[in-house]
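Enquirer: Mind having a look at this structure? Questions to follow.
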Amino acid sequence: MTYEERLQHVSVLGAAGKMGSGILLLTAVEMADLSLKPGNKGKTFVLNAIDISDEALAGVMRYLRDQILKIAEKKVAGLRTVYAERRDLVDNDEIISQYIFDVMNVVRPTTRMESAYDSKMIFEAIKEDSALKIKIFSQINRNNSNQPWFFTNTSSIPITVLDEGAGLNGRIIGFHFYNPPAVQKLVEVIRSKNTLDEVHEFAMAYAKNLRKIVVPAHDIAGFIGNGHFMRDILYAVTEVHKLIKDMSVAEAIYAMNKISQEYLVRPMGIFQLIDYVGVDVCSFIMFVMNPFTKDEEIHSPLLDKLMGLGIKGGQFSDGSQKDGIMKYEKGKIVAVYDPVEEAYIPISRIQARVEEKLGKMPAPPAWKAIVGNKAKDEVLKTYFAEVKTAPGLGAGLTREYAKKSKDIGKHLVACGVAFSDADVNTVLLTGFFHAYGPINEYLD
Amino acid sequence: MKKLRRKVYFVAGYNTISMGSGRKEFHPKKERPGLEDYIREAGQGTLKMIGGAQNVDECVIGNFMASRFNRQANLAAFFPYIDEGLRYKPAIRVEGACGTGGLALMSGIKSILAETAEVVLAIGFEVQNTVKAIYCADFLAPAGWAHDRKDGHAYFFPGQFSERAGAYFEKFGREITRKGFARWYRNAIENARLCETAQEYHNTIKDLEAAAMAEPNPKVFLENLTALDCSKVSDGASAIAIMSEEGLKRCGIPVSDAVEVVGYGQVEEDITKPPPDKTALTTMKKAVSNALEFAGITIDQVSTAEIHDCFTIAGIMAVEALGLAEHGKGPEYVIAGNTARDGKFPINTTGGLIGWGHPTGGTGVHMAVTLWEQLKGKAGAAQVNIPNDRPFGLMANMGGDDKTLVAIVFKR
């Protein structure tokens with residue numbers, strides 16, 4: 001089966017979710033572009049958008065339309081060539097409208113999972129629950145005579161577990177997009193023990209056509225992205241526990257968030273990132289990873305406690321941040337939750353005290369100012385050289401955090417999750433928008 | 001040399017801000033003034049200088065494509081909105097793509113010459129930021145031959161001038177021509193920084209020529225031009241009064257405040273045909289030579305010009321069409337600084353289309369306003385030296401790809 005034939009009948013499971021809708025969009029565009037090639041005239045391309053809620057599917061169709069409009073506006077020069085034979089389409093406006101129709105026309109929103117029984121490939125972006133995934137994969141596999149391929153977006157479950165659990169005989173691969181899939185360039189590709197070569201080849205071709213940066217990871221729970229992120233969280237939490245000898249919990253959380261954002265020159269502090277992903281999602285990923293990590297406890301009682309207190313984070317459907325470990329106003333942190341007091345403590349009440357404790361710090365460059373800057377390496381070298389010798393608690397915490405982040409990266413290579421230091425750095429640079437990779441020599 | 005059957009004067013010019021990307025107060029997602037606000041501001045600006053609406057006999061408004069940008073036609077009926085005193089007075093709307101403003105001026109000149117009016121209020125405007133640039137390209141494309149649109153570039157007009165730039169590169173050298181573009185851009189921005197209404201008034205780029213030398217990227221935009229080679233999308237209006245001697249008297253304006261029209265060239269070329277030479281603005285050359293001949297002067301007697309630099313390549317070719325440089329020598333002439341504000345022949349002294357802005361239907365009127373200001377010493381910070389032995393100013397306003405041309409010579 002050729003690349004195009006494989007993509008003639010596809011289903012996305014969980015198509016109305018945050019990840020699923022992005023995968024749906026990218027796949028719909030890729031399939032429509034194939035359908036518009038002169039050689040494919042008359043061939044049908046079908047993409048089932050499968051989810052459990054009709055209401056959410058209606059929302060996803062609106063999202064698709066808005067996004068395809070933006071995509072079409074960007075590539076209208078190329079589309080004019082694609083539609084060169086359509087003499088009735090003259091203005092950019094007409095060409096863009098036709099393209100939106102042609103992409104939307106590939107998509108079939110439905111709540112019936114049976115639609116996937118006719119597909120040749122299945123993208124899965126449902127809940128991070130291995131039993132549920134295995135159940136659905138088995139069911140589709142049993143009822144589908146096409147020997148379909150399964151592309152799972154899991155960020156933490158070993159692919160071999162799903163492969164063997166559902167009896168797929170290697171017709172599965174981990175194809176882990178980053179959030180949001182339409183924007184983030186990174187995809188982690190993970191082969192199960194048995195993943196067929198042709199599935200892998202297809203995955204690489206598909207990623208290339210989507211202009212994604214592929215980082216391969218070994219099939220070890222959490223892969224590279226969450227492998228680093230979850231351990232980074234656990235480290236920050238450990239530090240919070242140390243700091244509360246001399247601070248309130250809210251103050252310690254605020255301090256570690258500040259260290260991990262401003263002083264480590266990252267786009268978000270660690271606790272803000274937990275809120276962004278969702279306290280519940282992070283906690284669940286740890287739960288999924290923990291059984292697979294020997295000699296290591298991937299589990300945070302603090303996160304469990306926060307969950308128990310109803311602190312969840314995550315985002316509203318318009319992409320704005322819900323309150324979590326921190327409280328947000330227009331995207332800005334205004335208060336920090338204190339699980340002891342069971343209340344949000346306004347930043348204004350803790351800021352001065354925390355800053356006094358952290359002591360004077362070398363002024364860090366702003367992440368925003370350097371992330372796209374070609375000369376950022378020099379700027380970072382100079383900054384970390386100052387951090388290296390600076391006195392005070394804040395500088396110490398910064399050094400230790402950076403060192404730990406590097407150790408985690410090294411550990412991921414040593415234990416075989418990542419193929420190389422460079423792969424770890426690529427994941428953090430492209431998937432987490434860090435300005436520099438964790439494996440560096442700034443503090444050596 | 002021809003003689004006008006009676007004297008025609010231009011006076012009381014007014015420009016709104018040329019609004020669009022580049023202006024600090026511009027935000028594409030925020031609500032902005034509508035076309036009626038621009039028309040009214042410009043119209044009232046001129047009326048105030050000529051003693052009010054009761055002094056006006058006729059009105060003319062130039063606009064290219066409000067029917068699509070603003071879903072509005074029947075534009076002459078906006079005159080009474082400017083001032084109730086204009087109610088029931090004769091008014092017309094004219095259109096000639098980006099040469100619209102020039103046609104509005106010609107219409108006013110002809111009313112004075114026909115003695116149907118002593119005072120004509122002429123306005124030109126365009127409000128284009130209602131849509132994204134990619135749709136703006138659709139709305140501006142009818143300036144060319146509709147049959148060419150289907151196979152043209154997504155950015156149709158920029159595409160056509162990119163082709164002209166390519167032809168020019170091939171014939172006269174890419175490197176030197178691009179250096180000419182860069183110097184053209186620098187002059188435009190340096191001049192715009194001296195004019196508060198200019199779209200590039202807030203431009204802070206330090207090394208303008210270096211910025212303009214960045215390589216074009218056909219994947220993103222065009223083969224031979226970058227965004228800095230192009231005039232921007234603008235909202236703006238300009239107004240000016242066109243009068244006979246009688247009209248000046250009526251308004252109590254001394255002749256010394258006005259500039260006199262001493263010649264014009266109004267020329268049309270076949271829109272269905274490609275340009276005879278992609279490396280030259282043949283029609284502009286004809287219009288300018290007609291205007292100079294009409295005035296009985298040579299280009300050496302002209303001290304400054306406002307020319308239609310919708311693209312840097314158009315600016316370079318216009319320098320040649322005016323007869324300032326030989327065919328193929330435009331870039332050298334510009335690189336040598338001749339067209340800069342302190343050069344031998346300052347061009348586009350408030351920034352031109354690239355620096356001041358290009359509200360398409362308003363541009364021709366804006367050119368006349370700038371020349372009136374320069375020749376009368378009213379250009380403020382943007383004032384250039386107008387030597388006594390060269391008391392003439394020239395404008396060349398172009399519609400489409402060298403199709404509709406209006407050139408006018410003014411005398412101080």
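Labels for the structure tokens follow display order: chains A, B, ..., residues from 1 in each chain, ligands from 1.
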Mind running chain A against chain B at 6 Å and telling me each contacting residue's nearest atom pair with the distance in Å (one decimal), counting only C-alpha atoms, chain and number ascending, as a Markdown table?

Expert:
```
| residue | atom | partner | partner_atom | distance |
| --- | --- | --- | --- | --- |
| A:Ala77 | CA | B:Ala154 | CA | 5.0 |
| A:Val90 | CA | B:Lys150 | CA | 4.9 |
| A:Asp91 | CA | B:Asp138 | CA | 5.6 |
```

Enquirer: Please save C-alpha atoms of the selected residues as a PDB file, in the first residue's frame.

Expert:
```
ATOM      1  CA  ALA A  77       0.361  31.590  -3.580  1.00  0.00           C
ATOM      2  CA  VAL A  90      -9.889  33.925  -9.722  1.00  0.00           C
ATOM      3  CA  ASP A  91      -9.532  35.953  -6.533  1.00  0.00           C
TER       4      ASP A  91
END
```

Enquirer: Looking only at helix (DSSP H, G or I) from DSSP on the backbone, list the matching residues of segment 21-131 of chain A as a PyMOL selection string.

Expert: chain A and resi 21-35+38-40+54-74+76-82+92-104+113-118+130-131

Enquirer: Within segment 3-163 of chain A, find each residue whose DSSP state, derived from the backbone, is strand (DSSP E), and express the selection as a PyMOL selection string.

Expert: chain A and resi 9-13+46-50+107-110+121-124+149-152

Enquirer: For the selection you just gave me, I'd like the residues written to a file as an mmCIF file, in the first residue's frame, keeping N, CA and C atoms.

Expert:
```
data_model
loop_
_atom_site.group_PDB
_atom_site.id
_atom_site.type_symbol
_atom_site.label_atom_id
_atom_site.label_comp_id
_atom_site.auth_asym_id
_atom_site.auth_seq_id
_atom_site.Cartn_x
_atom_site.Cartn_y
_atom_site.Cartn_z
ATOM 1 N N HIS A 9 -8.117 6.433 3.834
ATOM 2 C CA HIS A 9 -9.174 6.207 4.823
ATOM 3 C C HIS A 9 -8.565 6.173 6.224
ATOM 4 N N VAL A 10 -8.813 7.225 6.972
ATOM 5 C CA VAL A 10 -8.155 7.407 8.264
ATOM 6 C C VAL A 10 -9.199 7.750 9.323
ATOM 7 N N SER A 11 -8.931 7.347 10.567
ATOM 8 C CA SER A 11 -9.782 7.786 11.682
ATOM 9 C C SER A 11 -8.928 8.412 12.776
ATOM 10 N N VAL A 12 -9.468 9.456 13.400
ATOM 11 C CA VAL A 12 -8.819 10.036 14.572
ATOM 12 C C VAL A 12 -9.731 9.776 15.770
ATOM 13 N N LEU A 13 -9.209 9.068 16.756
ATOM 14 C CA LEU A 13 -9.979 8.790 17.975
ATOM 15 C C LEU A 13 -9.676 9.876 19.004
ATOM 16 N N VAL A 46 -11.111 9.908 3.045
ATOM 17 C CA VAL A 46 -12.074 9.990 4.152
ATOM 18 C C VAL A 46 -11.339 10.034 5.481
ATOM 19 N N LEU A 47 -11.666 11.027 6.290
ATOM 20 C CA LEU A 47 -11.062 11.159 7.614
ATOM 21 C C LEU A 47 -12.176 11.233 8.657
ATOM 22 N N ASN A 48 -12.327 10.142 9.393
ATOM 23 C CA ASN A 48 -13.353 10.134 10.437
ATOM 24 C C ASN A 48 -12.850 10.857 11.673
ATOM 25 N N ALA A 49 -13.623 11.849 12.110
ATOM 26 C CA ALA A 49 -13.314 12.543 13.361
ATOM 27 C C ALA A 49 -14.218 11.928 14.425
ATOM 28 N N ILE A 50 -13.628 11.017 15.214
ATOM 29 C CA ILE A 50 -14.455 10.254 16.154
ATOM 30 C C ILE A 50 -14.258 10.769 17.581
ATOM 31 N N VAL A 107 -13.397 15.519 6.019
ATOM 32 C CA VAL A 107 -13.663 15.172 7.420
ATOM 33 C C VAL A 107 -15.111 14.723 7.646
ATOM 34 N N ARG A 108 -15.272 13.605 8.353
ATOM 35 C CA ARG A 108 -16.601 13.098 8.717
ATOM 36 C C ARG A 108 -16.708 13.033 10.245
ATOM 37 N N PRO A 109 -17.345 14.015 10.858
ATOM 38 C CA PRO A 109 -17.471 13.948 12.317
ATOM 39 C C PRO A 109 -18.507 12.897 12.728
ATOM 40 N N THR A 110 -18.154 12.111 13.708
ATOM 41 C CA THR A 110 -19.099 11.070 14.136
ATOM 42 C C THR A 110 -18.823 10.628 15.575
ATOM 43 N N MET A 121 -5.696 3.516 8.592
ATOM 44 C CA MET A 121 -4.867 3.917 9.729
ATOM 45 C C MET A 121 -5.694 4.691 10.749
ATOM 46 N N ILE A 122 -5.260 4.528 12.022
ATOM 47 C CA ILE A 122 -5.998 5.097 13.140
ATOM 48 C C ILE A 122 -5.037 5.960 13.966
ATOM 49 N N PHE A 123 -5.402 7.215 14.130
ATOM 50 C CA PHE A 123 -4.672 8.059 15.082
ATOM 51 C C PHE A 123 -5.428 8.026 16.395
ATOM 52 N N GLU A 124 -4.713 7.835 17.473
ATOM 53 C CA GLU A 124 -5.401 7.755 18.763
ATOM 54 C C GLU A 124 -4.898 8.855 19.682
ATOM 55 N N TRP A 149 -3.126 0.344 10.677
ATOM 56 C CA TRP A 149 -1.988 0.771 11.482
ATOM 57 C C TRP A 149 -2.483 1.732 12.553
ATOM 58 N N PHE A 150 -1.871 1.619 13.728
ATOM 59 C CA PHE A 150 -2.293 2.463 14.848
ATOM 60 C C PHE A 150 -1.174 3.444 15.208
ATOM 61 N N PHE A 151 -1.505 4.718 15.202
ATOM 62 C CA PHE A 151 -0.572 5.766 15.617
ATOM 63 C C PHE A 151 -1.089 6.331 16.936
ATOM 64 N N THR A 152 -0.381 6.027 18.002
ATOM 65 C CA THR A 152 -0.864 6.497 19.300
ATOM 66 C C THR A 152 -0.102 7.755 19.734
#
```

Enquirer: Determine, counting only C-alpha atoms, which protein, DNA and RNA residues have an atom within 9 Å of an atom of Ala236 of chain A; residues of the same chain fewer than 4 positions away are not included. Present the result as a list in words.

Expert: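 These residues fall inside the cut-off: Arg231, Asp232, Val240, His241, Ile253, Met256, Asn257, Ser260, Ile270, Phe271 and Tyr401 of chain A.
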
Enquirer: Suppose we keep N, CA and C atoms; can you now write the selection as a PDB file, in the first residue's frame?

Expert:
```pdb
ATOM      1  N   ARG A 231      10.442  14.312  36.088  1.00  0.00           N
ATOM      2  CA  ARG A 231      11.557  14.323  37.054  1.00  0.00           C
ATOM      3  C   ARG A 231      11.897  15.755  37.477  1.00  0.00           C
ATOM      4  N   ASP A 232      11.710  16.665  36.536  1.00  0.00           N
ATOM      5  CA  ASP A 232      11.912  18.088  36.835  1.00  0.00           C
ATOM      6  C   ASP A 232      10.906  18.535  37.905  1.00  0.00           C
ATOM      7  N   VAL A 240      10.966  22.366  47.323  1.00  0.00           N
ATOM      8  CA  VAL A 240       9.921  23.057  48.092  1.00  0.00           C
ATOM      9  C   VAL A 240       9.909  22.516  49.524  1.00  0.00           C
ATOM     10  N   HIS A 241       9.994  21.191  49.634  1.00  0.00           N
ATOM     11  CA  HIS A 241       9.981  20.583  50.974  1.00  0.00           C
ATOM     12  C   HIS A 241      11.174  21.049  51.817  1.00  0.00           C
ATOM     13  N   ILE A 253       6.783  27.523  46.922  1.00  0.00           N
ATOM     14  CA  ILE A 253       6.329  27.267  45.550  1.00  0.00           C
ATOM     15  C   ILE A 253       6.655  28.476  44.679  1.00  0.00           C
ATOM     16  N   MET A 256      10.457  28.543  43.925  1.00  0.00           N
ATOM     17  CA  MET A 256      10.930  27.566  42.942  1.00  0.00           C
ATOM     18  C   MET A 256      10.383  27.869  41.545  1.00  0.00           C
ATOM     19  N   ASN A 257       9.176  28.432  41.501  1.00  0.00           N
ATOM     20  CA  ASN A 257       8.620  28.817  40.196  1.00  0.00           C
ATOM     21  C   ASN A 257       9.445  29.951  39.585  1.00  0.00           C
ATOM     22  N   SER A 260      12.852  28.608  38.459  1.00  0.00           N
ATOM     23  CA  SER A 260      12.788  27.788  37.246  1.00  0.00           C
ATOM     24  C   SER A 260      12.366  28.606  36.030  1.00  0.00           C
ATOM     25  N   ILE A 270       8.206  26.059  36.678  1.00  0.00           N
ATOM     26  CA  ILE A 270       7.803  24.653  36.726  1.00  0.00           C
ATOM     27  C   ILE A 270       6.356  24.485  37.212  1.00  0.00           C
ATOM     28  N   PHE A 271       5.943  25.293  38.207  1.00  0.00           N
ATOM     29  CA  PHE A 271       4.577  25.123  38.718  1.00  0.00           C
ATOM     30  C   PHE A 271       3.540  25.710  37.755  1.00  0.00           C
ATOM     31  N   TYR A 401      19.417  23.559  40.349  1.00  0.00           N
ATOM     32  CA  TYR A 401      18.314  23.200  39.447  1.00  0.00           C
ATOM     33  C   TYR A 401      18.850  22.899  38.058  1.00  0.00           C
TER      34      TYR A 401
END
```

Enquirer: Which value, in Å to one decimal, gives the distance between atom CA of Trp372 of chain B and atom CA of Met65 of chain B?

Expert: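 These two atoms are separated by 26.7 Å.
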
Enquirer: Excluding segment 350-358 of chain B and residues on its chain fewer than 4 positions from it, collect all residues at most 7 Å away from it, counting only C-alpha atoms, and give them as a list in words.

Expert: Ser18, Ala188, Ile189, Asn191, Ala192, Leu194, Cys195, Ala198, Gln199, Glu200, Cys230, Ser231, Lys232, Val233, Ser234, Glu306, His308, Asp309, Cys310, Thr363 and Ala382 of chain B

Enquirer: Selection from above, N, CA and C atoms, as an mmCIF file, in the first residue's frame, can you write it?

Expert:
```
data_model
loop_
_atom_site.group_PDB
_atom_site.id
_atom_site.type_symbol
_atom_site.label_atom_id
_atom_site.label_comp_id
_atom_site.auth_asym_id
_atom_site.auth_seq_id
_atom_site.Cartn_x
_atom_site.Cartn_y
_atom_site.Cartn_z
ATOM 1 N N SER B 18 -1.662 59.096 7.152
ATOM 2 C CA SER B 18 -1.734 57.855 6.384
ATOM 3 C C SER B 18 -1.614 56.709 7.392
ATOM 4 N N ALA B 188 13.064 57.512 1.195
ATOM 5 C CA ALA B 188 11.632 57.555 1.490
ATOM 6 C C ALA B 188 11.398 57.629 2.996
ATOM 7 N N ILE B 189 12.109 56.786 3.736
ATOM 8 C CA ILE B 189 11.886 56.732 5.190
ATOM 9 C C ILE B 189 12.448 58.000 5.855
ATOM 10 N N ASN B 191 12.667 60.917 4.650
ATOM 11 C CA ASN B 191 11.717 62.009 4.401
ATOM 12 C C ASN B 191 10.447 61.848 5.233
ATOM 13 N N ALA B 192 9.959 60.627 5.314
ATOM 14 C CA ALA B 192 8.718 60.376 6.065
ATOM 15 C C ALA B 192 8.894 60.736 7.543
ATOM 16 N N LEU B 194 10.161 63.127 8.726
ATOM 17 C CA LEU B 194 10.029 64.575 8.915
ATOM 18 C C LEU B 194 8.598 65.053 8.722
ATOM 19 N N CYS B 195 7.690 64.121 8.450
ATOM 20 C CA CYS B 195 6.308 64.508 8.151
ATOM 21 C C CYS B 195 5.362 63.764 9.093
ATOM 22 N N ALA B 198 2.927 61.068 7.943
ATOM 23 C CA ALA B 198 3.428 59.929 7.159
ATOM 24 C C ALA B 198 3.275 58.606 7.903
ATOM 25 N N GLN B 199 2.991 57.565 7.146
ATOM 26 C CA GLN B 199 2.829 56.237 7.747
ATOM 27 C C GLN B 199 4.136 55.747 8.374
ATOM 28 N N GLU B 200 5.258 56.135 7.783
ATOM 29 C CA GLU B 200 6.555 55.703 8.307
ATOM 30 C C GLU B 200 7.184 56.752 9.238
ATOM 31 N N CYS B 230 8.003 47.731 -1.295
ATOM 32 C CA CYS B 230 6.600 47.981 -1.648
ATOM 33 C C CYS B 230 5.998 49.068 -0.767
ATOM 34 N N SER B 231 5.084 49.839 -1.352
ATOM 35 C CA SER B 231 4.282 50.733 -0.527
ATOM 36 C C SER B 231 3.351 49.873 0.306
ATOM 37 N N LYS B 232 2.916 50.425 1.431
ATOM 38 C CA LYS B 232 2.113 49.630 2.355
ATOM 39 C C LYS B 232 0.623 49.796 2.105
ATOM 40 N N VAL B 233 -0.165 49.069 2.872
ATOM 41 C CA VAL B 233 -1.619 49.222 2.842
ATOM 42 C C VAL B 233 -1.960 50.426 3.726
ATOM 43 N N SER B 234 -2.672 51.389 3.173
ATOM 44 C CA SER B 234 -2.893 52.649 3.892
ATOM 45 C C SER B 234 -4.364 53.062 3.917
ATOM 46 N N GLU B 306 7.025 64.832 -7.193
ATOM 47 C CA GLU B 306 6.333 63.773 -6.464
ATOM 48 C C GLU B 306 6.009 62.706 -7.495
ATOM 49 N N HIS B 308 5.315 58.399 -8.577
ATOM 50 C CA HIS B 308 4.521 57.262 -8.126
ATOM 51 C C HIS B 308 5.387 56.043 -7.828
ATOM 52 N N ASP B 309 5.985 56.019 -6.626
ATOM 53 C CA ASP B 309 6.854 54.883 -6.274
ATOM 54 C C ASP B 309 6.066 53.844 -5.490
ATOM 55 N N CYS B 310 5.073 53.259 -6.120
ATOM 56 C CA CYS B 310 4.330 52.178 -5.458
ATOM 57 C C CYS B 310 5.297 51.048 -5.107
ATOM 58 N N THR B 363 -3.641 59.156 -3.478
ATOM 59 C CA THR B 363 -2.225 59.456 -3.708
ATOM 60 C C THR B 363 -1.987 60.663 -4.626
ATOM 61 N N ALA B 382 9.854 69.117 6.757
ATOM 62 C CA ALA B 382 10.168 68.404 5.509
ATOM 63 C C ALA B 382 10.555 69.357 4.369
#
```

Enquirer: Any idea what's packed within 12 Å of Met19 of chain B, counting only C-alpha atoms, ignoring anything in its chain fewer than 4 positions away? Could you give it as a PyMOL selection string?

Expert: chain B and resi 15+23-28+32-35+38+125-130+196-202+232-237+355-359

Enquirer: For Lys404 of chain A, which of A:Lys127, A:His228, A:Arg171, A:Lys374 is the closest residue, counting only C-alpha atoms?

Expert: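 With only C-alpha atoms as the atom set, the closest residue is A:His228.
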
Enquirer: Using only C-alpha atoms, find each residue in segment 75-110 of chain A having at least one atom no more than 7 Å away from segment 30-34 of chain A; report its shortest atom-to-atom pair and that distance in Å (one decimal), rows by chain then rising number, as JSON lines.

Expert:
```
{"residue": "A:Asp102", "atom": "CA", "partner": "A:Ala32", "partner_atom": "CA", "distance": 6.4}
{"residue": "A:Val103", "atom": "CA", "partner": "A:Ala32", "partner_atom": "CA", "distance": 5.1}
{"residue": "A:Val106", "atom": "CA", "partner": "A:Ala32", "partner_atom": "CA", "distance": 6.6}
```

Enquirer: Limited to N, CA and C atoms, could you put the picked residues into a file as a PDB file, in the first residue's frame?

Expert:
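again.pdb written:
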```pdb
ATOM      1  N   ASP A 102     -12.590  22.074   0.445  1.00  0.00           N
ATOM      2  CA  ASP A 102     -11.951  20.810   0.069  1.00  0.00           C
ATOM      3  C   ASP A 102     -11.335  20.094   1.273  1.00  0.00           C
ATOM      4  N   VAL A 103     -10.807  20.850   2.231  1.00  0.00           N
ATOM      5  CA  VAL A 103     -10.253  20.196   3.425  1.00  0.00           C
ATOM      6  C   VAL A 103     -11.389  19.701   4.320  1.00  0.00           C
ATOM      7  N   VAL A 106     -13.124  16.424   3.509  1.00  0.00           N
ATOM      8  CA  VAL A 106     -12.480  15.146   3.803  1.00  0.00           C
ATOM      9  C   VAL A 106     -12.988  14.604   5.152  1.00  0.00           C
TER      10      VAL A 106
END
```

Enquirer: Atom CA of Ser138 of chain A to atom CA of Gly167 of chain A: how many Å, to one decimal?

Expert: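 So the answer is 6.9 Å.
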
Enquirer: So that each row is one residue of segment 159-198 of chain A with an atom at most 12 Å from segment 276-279 of chain A, can you give its shortest atom pair and the distance in Å to one decimal, using only C-alpha atoms, rows by chain and rising number, as a tab-separated table?

Expert:
```
residue	atom	partner	partner_atom	distance
A:Tyr178	CA	A:Val277	CA	11.0
A:Asn179	CA	A:Val277	CA	9.0
A:Pro180	CA	A:Val277	CA	11.1
```

Enquirer: Can you list, as a VMD selection string, every protein, DNA or RNA residue that comes within 12 Å of Phe432 of chain A when you count only C-alpha atoms, leaving out same-chain residues fewer than 6 positions away?

Expert: chain A and resid 177 to 180 184 to 187 224 to 226 228 to 229 266 to 270 273 276 to 277 371 424 to 426 438

Enquirer: Would you write out those residues with N, CA and C atoms, as a compact mmCIF listing (two decimals), in the first residue's frame?

Expert:
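What landed in result15.txt:
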```txt
# COMPACT_ATOMS: atom_id res chain seq x y z
N PHE A 177 2.75 13.95 19.44
CA PHE A 177 2.76 15.38 19.13
C PHE A 177 2.91 16.16 20.43
N TYR A 178 3.36 17.40 20.30
CA TYR A 178 3.37 18.30 21.45
C TYR A 178 2.22 19.29 21.32
N ASN A 179 1.84 19.83 22.42
CA ASN A 179 0.63 20.64 22.49
C ASN A 179 0.92 22.13 22.25
N PRO A 180 0.23 22.81 21.34
CA PRO A 180 -0.78 22.27 20.41
C PRO A 180 -0.14 21.71 19.14
N GLN A 184 3.26 23.28 17.49
CA GLN A 184 4.54 22.72 17.96
C GLN A 184 5.20 21.88 16.89
N LYS A 185 6.48 22.10 16.71
CA LYS A 185 7.21 21.43 15.62
C LYS A 185 7.63 20.00 15.98
N LEU A 186 7.65 19.71 17.28
CA LEU A 186 8.25 18.45 17.71
C LEU A 186 7.28 17.27 17.68
N VAL A 187 7.80 16.13 17.22
CA VAL A 187 7.08 14.85 17.36
C VAL A 187 8.09 13.83 17.88
N ILE A 224 11.10 10.88 26.15
CA ILE A 224 12.04 11.93 26.53
C ILE A 224 11.31 13.12 27.19
N GLY A 225 10.25 13.56 26.56
CA GLY A 225 9.55 14.77 27.01
C GLY A 225 9.09 14.64 28.45
N ASN A 226 8.22 13.68 28.71
CA ASN A 226 7.74 13.52 30.08
C ASN A 226 8.81 12.93 30.99
N HIS A 228 11.79 13.86 31.16
CA HIS A 228 12.46 15.01 31.76
C HIS A 228 11.50 15.82 32.62
N PHE A 229 10.34 16.10 32.05
CA PHE A 229 9.36 16.99 32.72
C PHE A 229 8.95 16.44 34.09
N ARG A 266 13.55 30.21 31.35
CA ARG A 266 12.60 29.33 30.66
C ARG A 266 11.31 30.11 30.39
N PRO A 267 10.49 29.64 29.47
CA PRO A 267 9.26 30.37 29.16
C PRO A 267 8.25 30.36 30.29
N MET A 268 8.27 29.30 31.10
CA MET A 268 7.33 29.21 32.23
C MET A 268 8.08 28.61 33.41
N GLY A 269 7.62 28.96 34.60
CA GLY A 269 8.15 28.31 35.79
C GLY A 269 7.56 26.91 35.88
N ILE A 270 8.21 26.06 36.68
CA ILE A 270 7.80 24.65 36.73
C ILE A 270 6.36 24.49 37.21
N LEU A 273 3.96 25.54 34.55
CA LEU A 273 3.89 24.51 33.51
C LEU A 273 2.98 23.36 33.94
N TYR A 276 -0.38 24.52 33.36
CA TYR A 276 -0.66 24.57 31.92
C TYR A 276 -1.07 23.18 31.43
N VAL A 277 -0.31 22.18 31.84
CA VAL A 277 -0.62 20.81 31.42
C VAL A 277 -1.82 20.27 32.20
N VAL A 371 15.20 33.87 23.05
CA VAL A 371 14.84 32.55 22.49
C VAL A 371 15.07 32.49 20.98
N VAL A 424 17.83 14.80 23.47
CA VAL A 424 17.23 15.35 24.69
C VAL A 424 17.10 16.87 24.55
N ASN A 425 18.19 17.50 24.12
CA ASN A 425 18.16 18.95 23.97
C ASN A 425 17.11 19.39 22.95
N THR A 426 17.02 18.66 21.84
CA THR A 426 16.02 19.02 20.81
C THR A 426 14.61 18.99 21.39
N PRO A 438 19.10 21.23 28.23
CA PRO A 438 19.54 20.99 29.61
C PRO A 438 20.96 20.43 29.67
```

Enquirer: What's around Ala143 of chain B at 7 Å? Count only C-alpha atoms, leave out sequence neighbours fewer than 4 positions away in its own chain, and write the answer as a list in words.

Expert: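 Close residues of Ala143 of chain B: Ala97, Gly399 and Gly400 of chain B.
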
Enquirer: Would you mind exporting the chosen residues as a PDB file, in the first residue's frame, restricted to N, CA and C atoms?

Expert:
```pdb
ATOM      1  N   ALA B  97      -7.895  53.643 -10.905  1.00  0.00           N
ATOM      2  CA  ALA B  97      -6.994  52.832 -10.064  1.00  0.00           C
ATOM      3  C   ALA B  97      -6.116  53.745  -9.192  1.00  0.00           C
ATOM      4  N   GLY B 399      -1.793  55.038 -12.651  1.00  0.00           N
ATOM      5  CA  GLY B 399      -2.837  54.057 -12.352  1.00  0.00           C
ATOM      6  C   GLY B 399      -2.521  52.738 -13.018  1.00  0.00           C
ATOM      7  N   GLY B 400      -2.514  51.652 -12.228  1.00  0.00           N
ATOM      8  CA  GLY B 400      -2.213  50.329 -12.780  1.00  0.00           C
ATOM      9  C   GLY B 400      -0.758  50.236 -13.164  1.00  0.00           C
TER      10      GLY B 400
END
```
